[in-house]
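Participant: Below is the file protein33.cif, with mmCIF, C-alpha atoms.
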data_run
loop_
_atom_site.label_atom_id
_atom_site.label_comp_id
_atom_site.auth_asym_id
_atom_site.auth_seq_id
_atom_site.Cartn_x
_atom_site.Cartn_y
_atom_site.Cartn_z
CA MET A 17 0.00 0.00 0.00
CA LEU A 18 2.95 2.31 0.62
CA SER A 19 3.99 2.18 -3.03
CA ILE A 20 0.42 2.97 -4.14
CA MET A 21 0.31 6.02 -1.86
CA GLN A 22 3.78 7.12 -3.01
CA SER A 23 2.56 6.93 -6.59
CA GLN A 24 -0.54 8.98 -5.80
CA CYS A 25 1.51 11.57 -3.88
CA SER A 26 3.91 11.93 -6.78
CA ARG A 27 1.02 12.77 -9.13
CA GLN A 28 -0.72 15.34 -6.94
CA GLU A 29 -0.35 17.13 -3.62
CA LEU A 30 -2.15 15.31 -0.84
CA CYS A 31 -2.49 15.96 2.88
CA ARG A 32 -2.53 13.51 5.77
CA ASN A 33 -6.33 13.38 5.82
CA ASP A 34 -6.47 12.54 2.11
CA ILE A 35 -4.05 9.64 2.60
CA ARG A 36 -5.84 8.45 5.74
CA ARG A 37 -9.20 8.49 3.96
CA ARG A 38 -7.83 6.60 0.95
CA LEU A 39 -6.20 3.96 3.10
CA GLU A 40 -9.34 3.52 5.19
CA LYS A 41 -11.31 2.90 1.98
CA ARG A 42 -8.83 0.14 1.17
CA GLY A 43 -9.42 -1.43 4.58
CA ALA A 44 -6.05 -0.66 6.17
CA GLU A 45 -5.66 -0.92 9.95
CA PRO A 46 -5.16 2.34 11.90
CA ALA A 47 -1.61 1.36 12.96
CA VAL A 48 -0.66 0.60 9.36
CA ILE A 49 -2.16 3.90 8.22
CA GLU A 50 -0.07 5.84 10.73
CA ARG A 51 3.14 4.02 9.71
CA ILE A 52 2.46 4.71 6.02
CA ILE A 53 1.75 8.39 6.71
CA GLU A 54 4.95 8.74 8.76
CA GLN A 55 6.98 7.04 6.01
CA LEU A 56 5.46 9.34 3.37
CA CYS A 57 6.34 12.36 5.51
CA ASP A 58 9.90 11.11 6.09
CA ASP A 59 10.37 10.58 2.35
CA ARG A 60 8.87 14.06 1.65
CA PHE A 61 5.96 12.67 -0.36
CA LEU A 62 3.69 14.42 2.16
CA ASP A 63 4.41 17.98 3.20
CA GLU A 64 1.67 20.03 4.87
CA GLU A 65 3.28 23.40 4.00
CA ARG A 66 3.68 22.46 0.34
CA TYR A 67 0.11 21.11 0.24
CA ALA A 68 -1.35 24.24 1.85
CA GLY A 69 0.54 26.51 -0.56
CA ALA A 70 -0.64 24.57 -3.61
CA TYR A 71 -4.23 24.42 -2.30
CA VAL A 72 -4.33 28.16 -1.64
CA ARG A 73 -2.91 29.02 -5.07
CA ASP A 74 -5.29 26.68 -6.88
CA LYS A 75 -8.47 27.70 -5.07
CA ILE A 76 -7.75 31.41 -5.34
CA ARG A 77 -6.68 31.42 -8.97
CA LEU A 78 -8.99 28.74 -10.36
CA GLN A 79 -12.14 28.98 -8.22
CA GLY A 80 -11.80 32.60 -7.11
CA TRP A 81 -12.29 31.74 -3.44
CA GLY A 82 -11.68 34.29 -0.72
CA PRO A 83 -9.39 33.87 2.27
CA ALA A 84 -12.14 32.78 4.68
CA LYS A 85 -13.34 29.93 2.50
CA VAL A 86 -9.82 28.72 1.73
CA SER A 87 -8.77 28.74 5.38
CA GLY A 88 -12.00 27.03 6.43
CA MET A 89 -11.54 24.23 3.92
CA LEU A 90 -7.92 23.74 4.96
CA ARG A 91 -9.01 23.53 8.61
CA ILE A 92 -11.50 20.82 7.63
CA LYS A 93 -8.61 18.92 6.06
CA GLY A 94 -6.71 19.12 9.35
CA ILE A 95 -4.05 21.64 8.35
CA PRO A 96 -2.76 23.63 11.38
CA ASP A 97 -3.67 27.34 11.57
CA ASP A 98 -0.06 28.55 11.46
CA ILE A 99 0.53 26.72 8.16
CA ILE A 100 -2.72 28.13 6.75
CA GLN A 101 -1.77 31.69 7.71
CA GLU A 102 1.68 31.27 6.18
CA ALA A 103 0.21 29.97 2.91
CA LEU A 104 -2.33 32.83 2.75
CA SER A 105 0.28 35.48 3.56
CA VAL A 106 2.20 34.65 0.38
CA ILE A 107 -0.78 35.61 -1.82
CA ASP A 108 -0.97 39.23 -2.94
CA GLN A 109 -4.08 40.97 -1.57
CA THR A 110 -4.73 42.61 -4.94
CA LEU A 111 -5.40 39.14 -6.37
CA PHE A 112 -8.21 38.70 -3.83
CA GLU A 113 -9.62 42.11 -4.75
CA GLU A 114 -9.47 41.41 -8.48
CA ASN A 115 -11.12 38.00 -8.07
CA LEU A 116 -13.89 39.51 -5.96
CA LYS A 117 -14.44 42.37 -8.40
CA ASP A 118 -14.65 40.02 -11.38
CA ALA A 119 -16.98 37.62 -9.58
CA LEU A 120 -19.31 40.40 -8.44
CA LEU A 121 -19.46 41.90 -11.93
CA ARG A 122 -20.32 38.51 -13.45
CA LYS A 123 -22.93 37.83 -10.78
CA ASN A 124 -24.43 41.31 -11.13
CA LYS A 125 -25.11 40.62 -14.81
CA THR A 126 -27.05 37.47 -13.98
CA ILE A 127 -29.28 38.96 -11.27
CA LYS A 128 -32.68 39.91 -12.65
CA GLU A 129 -33.76 41.73 -9.48
CA ALA A 130 -34.87 45.34 -10.10
CA ASP A 131 -34.99 46.37 -6.43
CA SER A 132 -31.56 47.79 -5.58
CA ARG A 133 -31.67 46.62 -1.95
CA LYS A 134 -32.39 43.04 -2.94
CA ARG A 135 -29.74 43.17 -5.67
CA TYR A 136 -27.18 44.50 -3.18
CA ALA A 137 -28.13 41.80 -0.63
CA LYS A 138 -27.80 39.06 -3.24
CA LEU A 139 -24.36 40.30 -4.21
CA VAL A 140 -23.26 40.46 -0.57
CA ARG A 141 -24.49 36.91 0.07
CA PHE A 142 -22.71 35.74 -3.05
CA GLY A 143 -19.45 37.34 -1.94
CA LEU A 144 -19.77 35.89 1.55
CA GLY A 145 -20.31 32.46 0.04
CA LYS A 146 -17.11 32.88 -1.96
CA GLY A 147 -15.22 33.45 1.29
CA TYR A 148 -14.77 37.21 1.39
CA GLY A 149 -15.49 39.48 4.34
CA TYR A 150 -18.40 41.90 4.42
CA LEU A 151 -16.15 44.97 4.46
CA GLN A 152 -14.23 43.72 1.42
CA ILE A 153 -17.49 43.13 -0.42
CA ALA A 154 -19.01 46.50 0.53
CA ARG A 155 -15.82 48.32 -0.51
CA CYS A 156 -15.73 46.47 -3.81
CA LEU A 157 -19.40 47.15 -4.53
CA ALA A 158 -18.82 50.84 -3.83
CA LEU A 159 -15.87 50.87 -6.24
CA LEU A 160 -18.04 49.19 -8.86
CA LYS A 161 -20.70 51.86 -8.32
CA ILE A 162 -23.15 49.32 -6.97
CA PHE A 163 -23.99 51.38 -3.91
CA ARG A 164 -25.65 50.19 -0.79
CA PRO A 165 -29.25 51.37 -0.82
CA GLU A 166 -30.35 53.57 2.06
#
Turn the structure described in the file into structure tokens.
Facilitator:
Amino acid sequence: MLSIMQSQCSRQELCRNDIRRRLEKRGAEPAVIERIIEQLCDDRFLDEERYAGAYVRDKIRLQGWGPAKVSGMLRIKGIPDDIIQEALSVIDQTLFEENLKDALLRKNKTIKEADSRKRYAKLVRFGLGKGYGYLQIARCLALLKIFRPE
């Protein structure tokens, strides 16, 4: 099973939880799973920092996720908070702003709501779902001239 996991790790970045889940599906015993994970870490097939960096880059560039969603998903995968913060700190904040701006513009075109308050609320909910903070969203909507209704 070690060679199978080494092969999978060489093709894509995986974290400890991914390996554990795959080995459990194959019916491996918990002690065997831990030994395989330790061996993969010793041989540098598994590296949490490298995984977190790749995950952050992919989700931000390809899916347009915000920092909250990325960090939440990494926490679910069992990545420690200090590694998550380090991986997020490498990303330029302007990339987050550009992704948010592009996503809000695309979403704004698809909303058929005429009421400006409801349109604004839908855009805020959309941005929150993408993992951005309310202040980031409000600032971006103001820059896009989609003002908050009074």
Participant: Evaluated on this file, the PyMOL selection byres ((chain A and resi 154-162) around 9) picks out some residues - which ones are they, written as a CSV table (one decimal) with C-alpha atoms, in the coordinates of the input?
Facilitator:
chain,number,residue,atom,x,y,z
A,113,GLU,CA,-9.6,42.1,-4.8
A,116,LEU,CA,-13.9,39.5,-6.0
A,117,LYS,CA,-14.4,42.4,-8.4
A,120,LEU,CA,-19.3,40.4,-8.4
A,121,LEU,CA,-19.5,41.9,-11.9
A,132,SER,CA,-31.6,47.8,-5.6
A,136,TYR,CA,-27.2,44.5,-3.2
A,139,LEU,CA,-24.4,40.3,-4.2
A,140,VAL,CA,-23.3,40.5,-0.6
A,149,GLY,CA,-15.5,39.5,4.3
A,150,TYR,CA,-18.4,41.9,4.4
A,151,LEU,CA,-16.2,45.0,4.5
A,152,GLN,CA,-14.2,43.7,1.4
A,153,ILE,CA,-17.5,43.1,-0.4
A,163,PHE,CA,-24.0,51.4,-3.9
A,164,ARG,CA,-25.6,50.2,-0.8
A,165,PRO,CA,-29.2,51.4,-0.8
Participant: Do a neighbour search on segment 75-85 of chain A at 12 Å with all atoms listed in the file, toss out local chain neighbours closer than 6 positions, and write the hits as a JSON list (two decimals) with C-alpha atoms, in the coordinates of the input.
Facilitator:
[["chain", "number", "residue", "atom", "x", "y", "z"],
["A", 68, "ALA", "CA", -1.35, 24.24, 1.85],
["A", 69, "GLY", "CA", 0.54, 26.51, -0.56],
["A", 91, "ARG", "CA", -9.01, 23.53, 8.61],
["A", 92, "ILE", "CA", -11.50, 20.82, 7.63],
["A", 100, "ILE", "CA", -2.72, 28.13, 6.75],
["A", 101, "GLN", "CA", -1.77, 31.69, 7.71],
["A", 103, "ALA", "CA", 0.21, 29.97, 2.91],
["A", 104, "LEU", "CA", -2.33, 32.83, 2.75],
["A", 105, "SER", "CA", 0.28, 35.48, 3.56],
["A", 106, "VAL", "CA", 2.20, 34.65, 0.38],
["A", 107, "ILE", "CA", -0.78, 35.61, -1.82],
["A", 108, "ASP", "CA", -0.97, 39.23, -2.94],
["A", 109, "GLN", "CA", -4.08, 40.97, -1.57],
["A", 110, "THR", "CA", -4.73, 42.61, -4.94],
["A", 111, "LEU", "CA", -5.40, 39.14, -6.37],
["A", 112, "PHE", "CA", -8.21, 38.70, -3.83],
["A", 113, "GLU", "CA", -9.62, 42.11, -4.75],
["A", 114, "GLU", "CA", -9.47, 41.41, -8.48],
["A", 115, "ASN", "CA", -11.12, 38.00, -8.07],
["A", 116, "LEU", "CA", -13.89, 39.51, -5.96],
["A", 117, "LYS", "CA", -14.44, 42.37, -8.40],
["A", 118, "ASP", "CA", -14.65, 40.02, -11.38],
["A", 119, "ALA", "CA", -16.98, 37.62, -9.58],
["A", 120, "LEU", "CA", -19.31, 40.40, -8.44],
["A", 142, "PHE", "CA", -22.71, 35.74, -3.05],
["A", 143, "GLY", "CA", -19.45, 37.34, -1.94],
["A", 144, "LEU", "CA", -19.77, 35.89, 1.55],
["A", 145, "GLY", "CA", -20.31, 32.46, 0.04],
["A", 146, "LYS", "CA", -17.11, 32.88, -1.96],
["A", 147, "GLY", "CA", -15.22, 33.45, 1.29],
["A", 148, "TYR", "CA", -14.77, 37.21, 1.39],
["A", 149, "GLY", "CA", -15.49, 39.48, 4.34],
["A", 150, "TYR", "CA", -18.40, 41.90, 4.42],
["A", 152, "GLN", "CA", -14.23, 43.72, 1.42],
["A", 153, "ILE", "CA", -17.49, 43.13, -0.42]]
Participant: What is the distance between atom CA of Gly88 of chain A and atom CA of Glu65 of chain A, in Å to one decimal?
Facilitator: 15.9 Å
Participant: So that I can see what lies close to Cys25 of chain A, please list as a ChimeraX atom specification the residues with an atom at most 8 Å from it, counting all atoms listed in the file and leaving out residues fewer than 4 positions away in the same chain.
Facilitator: /A:21,29-30,61-62
Participant: Within 12 Å of Asp59 of chain A, counting only C-alpha atoms, which residues qualify if same-chain residues fewer than 3 places away don't, as a PyMOL selection string?
Facilitator: chain A and resi 18-19+21-22+25-26+52-56+62-63
Participant: With only C-alpha atoms as the basis for distance, which of A:Tyr67, A:Arg135, A:Glu45, A:Leu39 is at the shortest distance from Pro96 of chain A?
Facilitator: A:Tyr67
Participant: Using all atoms listed in the file for the distances, tell me which of A:Ser87, A:Gln28, A:Thr126, A:Asn33 is nearest to Ala70 of chain A.
Facilitator: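 Comparing A:Ser87, A:Gln28, A:Thr126, A:Asn33 against Ala70 of chain A, the winner is A:Gln28.
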Participant: Between atom CA of Pro46 of chain A and atom CA of Gln24 of chain A, what is the distance, to one decimal in Å?
Facilitator: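 Interatomic distance, atom CA of Pro46 of chain A to atom CA of Gln24 of chain A: 19.5 Å.
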Participant: Take atom CA of Arg66 of chain A and atom CA of Ile95 of chain A and report the distance between them in Å, one decimal.
Facilitator: 11.2 Å
Participant: Considering only C-alpha atoms, state which residue in the set A:Tyr71, A:Val48, A:Glu129, A:Arg141 is at the smallest distance from Lys93 of chain A.
Facilitator: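 Of A:Tyr71, A:Val48, A:Glu129, A:Arg141, the one nearest Lys93 of chain A is A:Tyr71, counting only C-alpha atoms.
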Participant: For a quick check of understanding, using only C-alpha atoms, which of A:Arg37, A:Arg32, A:Arg60, A:Lys138 has the smallest distance to Asn124 of chain A?
Facilitator: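 Ranking A:Arg37, A:Arg32, A:Arg60, A:Lys138 by distance to Asn124 of chain A, first place goes to A:Lys138.
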Participant: Which is closest to Gly94 of chain A among A:Lys134, A:Glu50, A:Arg42, A:Glu64, if we use all atoms listed in the file?
Facilitator: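 The answer is A:Glu64, which sits nearest to Gly94 of chain A.
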Participant: With 3 Å on each side, where is the centre of the axis-aligned box around all listed atoms of segment 101-112 of chain A, and how long are its edges in Å to one decimal, as JSON?
Facilitator:
{"center_x": -3.0, "center_y": 36.3, "center_z": 0.7, "size_x": 16.4, "size_y": 18.6, "size_z": 20.1}
Participant: Select, from A:Met17, A:Lys128, A:Asp97, A:Met89, the residue with the minimum atom-to-atom distance to Glu40 of chain A, counting all atoms listed in the file.
Facilitator: A:Met17
